[in-house]
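This report refers to the structure that appears directly beneath it.
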Amino acid sequence: MEYVLKVKRLSKNFNEVKALDRVDFDLKKGEIHGIIGANGSGKSTFVNILFGSKYIRDTGGYEGEIFIENKKLDIKNTHHAMKYGIGMVHQELALLGELDISSNIKINRENIIDKTKLLGDFALVDREKNETDAKKALSKVGVDINPRIKVKDISTNLKQFVEIAREIDNDKLKILILDEPTSSLNIEETKILLSNLKELANTGISIIFISHRLEEIVDICHRVTIFRDGRVVSRYDKEDFDINKMAMDMIGKEIVQVSKKRKNNDKENILSFKNVEVSYGYGHYKNISLDIKKGEILGITGLAGHGQEIFGYGLMGLYDMKGEVIFKEEKIIPGDMERIIQEGIYLLPDERKELGLFLNRSVWKNLVFESYDGQNRFLKYPALGKLSPLNHKAIRKYSNKMVEKLNIKVKDIDQKVMDLSGGNQQKVCIGRAITIDPEVLFVGEPTRGIDLYSKEIILDLLLELNEERNTTIIIFSGEISELKRVCDRIVVMYRNQVFKIFDDDFESEELSLALSGRSLERV
Amino acid sequence: MKRLRLEAPQLIMISYLVILAVSLKYIGIPYMDMINDSLIKWVMNGVLVLSLVPMINVGAGRNFGLPIGISAGLLGMCIVLEFRLEGWLGFGVSILIGSIIAILFGYIYSIVLNRLKGNEEIVGTFAGFSFIPIMNLFWSLAPFKNRQMLYPVGGQGLRPKINLDGYFGGILDNFLKINIGSLTIPLGLIMFFFILCFMVYLFQRTRMGIAMACIPENEAFAKLSGINIDRYRRIAIIFSNILAAIGIIVYSQSYGFIHLYDGPFMMAFPAVSAILIGGATKNKATVFNVMLGTYLYQTTFLLSVPVANALLIPEMSEIIRMIMTNGIILYAFLYEGVRKRNEKV
C-alpha cells in the first residue's frame with residue numbers, strides 16, 4: 001500500500017522543553033490513523049507542524065523530515081500545507097458567523113460565473129453552484145441542512161460538521177487532520193460522524209484522528225499511535241487493539257477509577273427551583289422545577305442542547321432565569337450574584353478559559369480570587385472591608401499548600417495559569433472552589449478536554465469535597481459514565497425540561513432511553 | 001513598578017528632551033529657570049493625569065470625557081469665589097464642593113458609560129464635548145454676584161478668565177517653597193501631588209482595587225465571582241471625576257486664573273497623551289506611569305516653546321504641541337492594535 005505521508009525523526013523544542021522527540025510516523029492512503037496521548041504528550045504539536053502553524057514557525061521551526069507522496073517537503077506555513085492537500089479541523093472552531101454555510105464551506109474556493117471570469121478578483125460568485133457543492137460536501141459527513149442558513153444561527157455541533165465539510169470540499173484534499181472532532185457532539189451525532197468518516201476513508205482520503213475517547217478510536221481506526229511525553233511509545237494495528245493496554249501506554253501507570261459510596265437520601269431540600277422560566281439563545285422555556293437535596297452529588301445530563309446547564313447558568317445570571325428559587329427556605333433572585341455568592345452558592349462553568357479563569361494572572365491569584373468573604377485571614381485589615389489590602393503572606397502560604405495538596409503541576413505559584421495544561425487549570429478552578437467553600441457548588445463538564453489520569457484526580461477531588469465538607473455538588477455533564485460513578489442521583493434533561501430523575505438504577509435501560517426522550521412505559 | 005522598562009514612546013520623548021536641552025544652551029536660557037518651571041508644570045498637570053487611572057484600571061478606557069470632572073472643579077471654585085472665601089479656606093472648600101459636584105456628575109456619567117460598554121472612549125469624547133456647551137450656558141446665566149467674576153461690561157455672566165489673586169492663586173506653589181541657590185523646589189505642591197498619588201496607589205492595593213483591575217481581563221468571570229461590575233465601574237468613574245475636579249483646582253491655583261467656557265475643551269488630549277507616554281495601556285495604568293509621563297510630556301513642551309520660537313516661526317511651538325499630543329494617542333492605538341493581533345495567533 002502506498003504511503004501518503006511519512007515523517008522521520010521529527011523533533012520540536014519550546015525553549016528548553018522537548019515537545020516532540022524524534023517521532024516517526026506514516027500514513028497510508030485511505031487509512032484512518034488514530035493518535036492518542038495524555039494532555040501535553042505532543043499530539044497537538046505534531047499535527048500543528050504538519051499543518052504549518054504559525055506558532056511553530058515563531059518558536060523556531062521543527063527538525064526532521066516530512067514526505068508527502070514520497071516527496072520531501074518543508075511545510076513553511078498553513079497555505080503551503082493546504083496546497084499539499086492537508087486539511088485540518090481544530091478543536092476551536094474557525095467559522096465566519098455572519099456568512100451562510102455555503103460561503104463558509106466554499107471560502108477561498110468560490111465558484112465563479114464563467115462570463116465574469118475576465119474580471120479576476122472582481123468576478124461574480126456563482127452562489128447556486130456554491131450551494132450545491134456545499135450540500136454535496138455536507139452529505140458526505142451525513143448532514144442535511146439548508147446551506148443558506150447563517151453559521152451563527154446553527155448549533156455548535158452542526159458547526160463541527162460544517163468545518164469538516166469545508167475541508168472535504170477541497171478536491172485536492174489527501175490528508176484530513178481531525179483534532180477531537182467528537183468532544184462537543186452527542187452520542188447520536190458521534191455515530192453519524194464516525195460512520196461517515198469511514199466512508200470518506202474508503203474514497204481514498206487519509207485521516208489523522210485525535211481523540212481522548214478510546215472507544216471511538218478502537219471503533220474506526222486502522223492503526224493507532226500512542227504519544228507520551230513527546231515520544232511515540234507504541235503503535236497498534238487493528239487486530240491488536242486492546243483498550244486497557246492502550247490506556248496503560250498513554251499514562252504509563254494504571255488508572256484507578258473512583259466511585260462514590262452512596263449515602264442514604266431522604267434529606268431536606270437545600271435548593272429548589274419552582275416552575276422557573278429560562279431563556280437563552282433563541283429559546284424560551286417554562287415550568288422547569290427541580291429540588292436539590294442537602295449534601296448530595298447530583299448529576300444533570302442530557303444530549304447537547306437539551307439544557308443540562310440551565311440551572312447553574314440561570315441561577316448565576318449567565319442565562320436569563322425568572323421565577324421562584326428557594327435556598328434554605330429563603331427566596332433568592334437569579335442573577336443577583338453578590339447575594340448568591342454570599343449565601344454560599346458557586347459555579348465552575350464548563351467554559352473554563354472564558355468564564356472560569358484569569359489566564360494572564362498567576363496561579364495564586366486565581367486560587368484565592370474573591371474568596372475573602374469566607375477567608376478573612378487573606379485580608380490585612382478585615383475591618384476595612386472592601387478597602388482592606390490583601391495579606392500576601394497568608395495567601396502565599398495557603399496557595400503553596402493548595403498546590404501541593406491538589407498536586408497541581410506548576411513551576412511556582414507565580415506562574416501564569418495560561419501556561420498550565422487543561423487538567424491543571426481545572427485543578428486551579430476546583431482549588432478556588434475549595435477556598436471559597438460554598439455550600440452548593442455547580443460544576444460544568446469537570447473533565448472535558450482532560451486526559452484519563454487527571455480525570456480521576458478531579459472526580460476524586462469533587463468526591464472529597466462532598467464527603468469532608470458535606471458540600472452539595474451539582475455536576476452538569478454529558479459524560480454519563482462518569483456521572484454514574486460519582487452521583488447520588490442523576491437528572492436527565494430533555495428539551496430543556498427535567499425528563500426523569502434516577503435514584504439508583506443507573507444501569508437500567510431506562511436511563512439510556514430517557515436521553516432521547518423516551519421511557520419504558522411508552523415504548 | 002518593580003522593573004523599569006522604557007518603551008518606544010518614552011525613549012523618543014527622552015531623546016527629544018535631550019536635544020531640546022542641548023539647544024537651550026545656544027539660545028541662552030538659564031537651565032535653572034527651566035527646571036524650576038518644569039517642577040511646577042509637572043504637578044500642575046499631574047493631578048489631571050492621575051485622574052485617568054481609576055477609569056483605565058476598571059476597563060472604562062482612557063477618560064476622554066475629562067471636561068466633565070473638570071467642570072465640577074470649576075463650579076466648586078466659582079462657588080467659593082462667590083462667597084469670597086480666601087486662602088487655604090477657599091482652596092479647601094473648593095476641593096470639598098468640587099468633589100461633591102464631581103460625585104453627582106460622575107454618577108450621571110457612569111450611567112451613560114455603563115450602558116455603552118466597550119465604546120467608552122468615543123462616547124466619553126463626545127460626552128465631554130457636548131457637556132461644555134451646557135456648562136457655557138450655565139456660566140453665562142448663573143446668578144453669581146461677585147463683581148470680580150462677572151463681565152466688566154453689562155455685569156451679567158461669568159467672565160472667561162477669573163483672576164485668583166487675593167483668593168487662592170499660587171497657594172500651593174508658594175507653600176513650603178525651598179530655595180537652594182537658584183533652584184526653587186515647590187515642596188508643598190509636590191507633597192500634595194504625592195499624597196494624592198499615594199492614595200491612588202493604596203486604593204489599587206485594596207481588595208476592591210484588585211477586583212477592579214480584574215474586570216477588564218475577564219468580565220464574565222469577575223461577574224460569576226460575585227463582583228457587581230456596574231457598581232465597581234460607577235465607583236471608579238466617580239473616583240476619576242473627583243480627582244479631575246481636584247486636578248483642575250490645583251491647575252488653576254498654579255495658573256492664577258479660573259479658565260471657564262472653552263477652557264476645558266482640549267484638556268483631555270494632553271492628559272491622555274501624557275499617561276500614554278508614561279507607559280500606560282488601555283487597561284492598565286500605574287501611578288508611576290502618571291508621574292513619569294506627565295514630567296516627560298510637560299517638560300518637553302516647556303522647553304520646546306523658547307527653542308521653537310527662537311529657531312522657527314513663533315507659532316511653531318503650538319503646532320509641535322498638537323502634532324505630538326495627537327500623534328502619541330494615535331501611536332498608542334496602533335500599538336494596541338498590533339499587539340492584539342499578535343496575541344491572537
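Numbering starts fresh at 1 for the residues of each chain in the C-alpha cells, the chains themselves are lettered A, B, ... in the order given, and ligands are numbered from 1 as they appear.
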Considering only C-alpha atoms, tabulate each residue of chain B that lies at most 8 Å from chain A along with its nearest interatomic pair and the corresponding distance in Å to one decimal; arrange the rows by chain and ascending residue number and present them as a tab-separated table.
residue	atom	partner	partner_atom	distance
B:Leu202	CA	A:Pro389	CA	8.0
B:Phe203	CA	A:Leu387	CA	7.2
B:Arg205	CA	A:Pro389	CA	5.4
B:Thr206	CA	A:Pro389	CA	3.9
B:Arg207	CA	A:Lys386	CA	5.3
B:Met208	CA	A:Lys386	CA	5.3
B:Gly209	CA	A:Leu387	CA	7.9
B:Ala211	CA	A:Glu370	CA	7.6
B:Cys214	CA	A:Phe358	CA	7.8
B:Glu217	CA	A:Phe358	CA	6.9
B:Asn218	CA	A:Phe358	CA	6.4
B:Ala220	CA	A:Leu355	CA	5.6
B:Phe221	CA	A:Leu355	CA	4.6
B:Lys223	CA	A:Met337	CA	7.1
B:Leu224	CA	A:Met316	CA	6.7
B:Ser225	CA	A:Glu370	CA	6.5
B:Gly226	CA	A:Glu338	CA	4.5
B:Ile227	CA	A:Glu338	CA	6.3
B:Asn228	CA	A:Glu338	CA	6.5
B:Val345	CA	A:Tyr55	CA	6.9
Could you save the residues just selected, with C-alpha atoms, as a compact mmCIF listing (two decimals), in the first residue's frame?
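Written file, again-v5.txt:
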# COMPACT_ATOMS: atom_id res chain seq x y z
CA LEU B 202 -3.09 52.39 48.11
CA PHE B 203 -6.50 52.07 46.55
CA ARG B 205 -3.74 47.53 46.54
CA THR B 206 -7.07 47.11 48.29
CA ARG B 207 -9.41 44.26 47.76
CA MET B 208 -11.67 46.49 45.73
CA GLY B 209 -8.82 47.87 43.65
CA ALA B 211 -11.03 43.20 41.86
CA CYS B 214 -9.55 42.05 37.08
CA GLU B 217 -9.37 40.98 31.84
CA ASN B 218 -12.37 38.71 32.17
CA ALA B 220 -17.73 37.29 32.79
CA PHE B 221 -15.58 35.54 35.35
CA LYS B 223 -19.28 38.66 37.47
CA LEU B 224 -19.51 34.96 38.30
CA SER B 225 -17.28 35.60 41.30
CA GLY B 226 -19.88 37.89 42.75
CA ILE B 227 -18.48 41.23 41.70
CA ASN B 228 -21.12 43.80 40.90
CA VAL B 345 -2.10 33.81 16.68
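The neighbours of B:Ile70 here are the residues that come within 9 Å of it, using only C-alpha atoms and leaving out any residue fewer than 4 positions away in the same chain; they are Leu48, Leu66, Leu74, Leu75, Gly98, Ala102, Asn241, Ile242, Leu243, Ala244, Ala245, Ile246, Gly247, Ile248, Ile249, Pro264 and Met267 of chain B.
Using only C-alpha atoms, the protein and nucleic acid residues lying no more than 10 Å from B:Gly76, apart from those fewer than 2 places from it along its own chain, are Ile70, Ser71, Ala72, Gly73, Leu74, Cys78, Ile79, Val80, Leu81, Gly90, Phe91, Val93, Ser94, Ile95, Leu96, Ile97, Gly98, Ser99, Ile100, Ile101, Ala102, Ala245, Ile246 and Ile249 of chain B.
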Legend entry - Selection: 8 Å around stretch 470-483 of chain A, only C-alpha atoms, excl. self and same-chain fewer than 6 positions, as an NGL selection string: :A and (186 or 293-304 or 308-309 or 438-446 or 462 or 490)
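Of note, atom CA of A:Asn170 and atom CA of A:Lys140 are spaced 12.6 Å apart.
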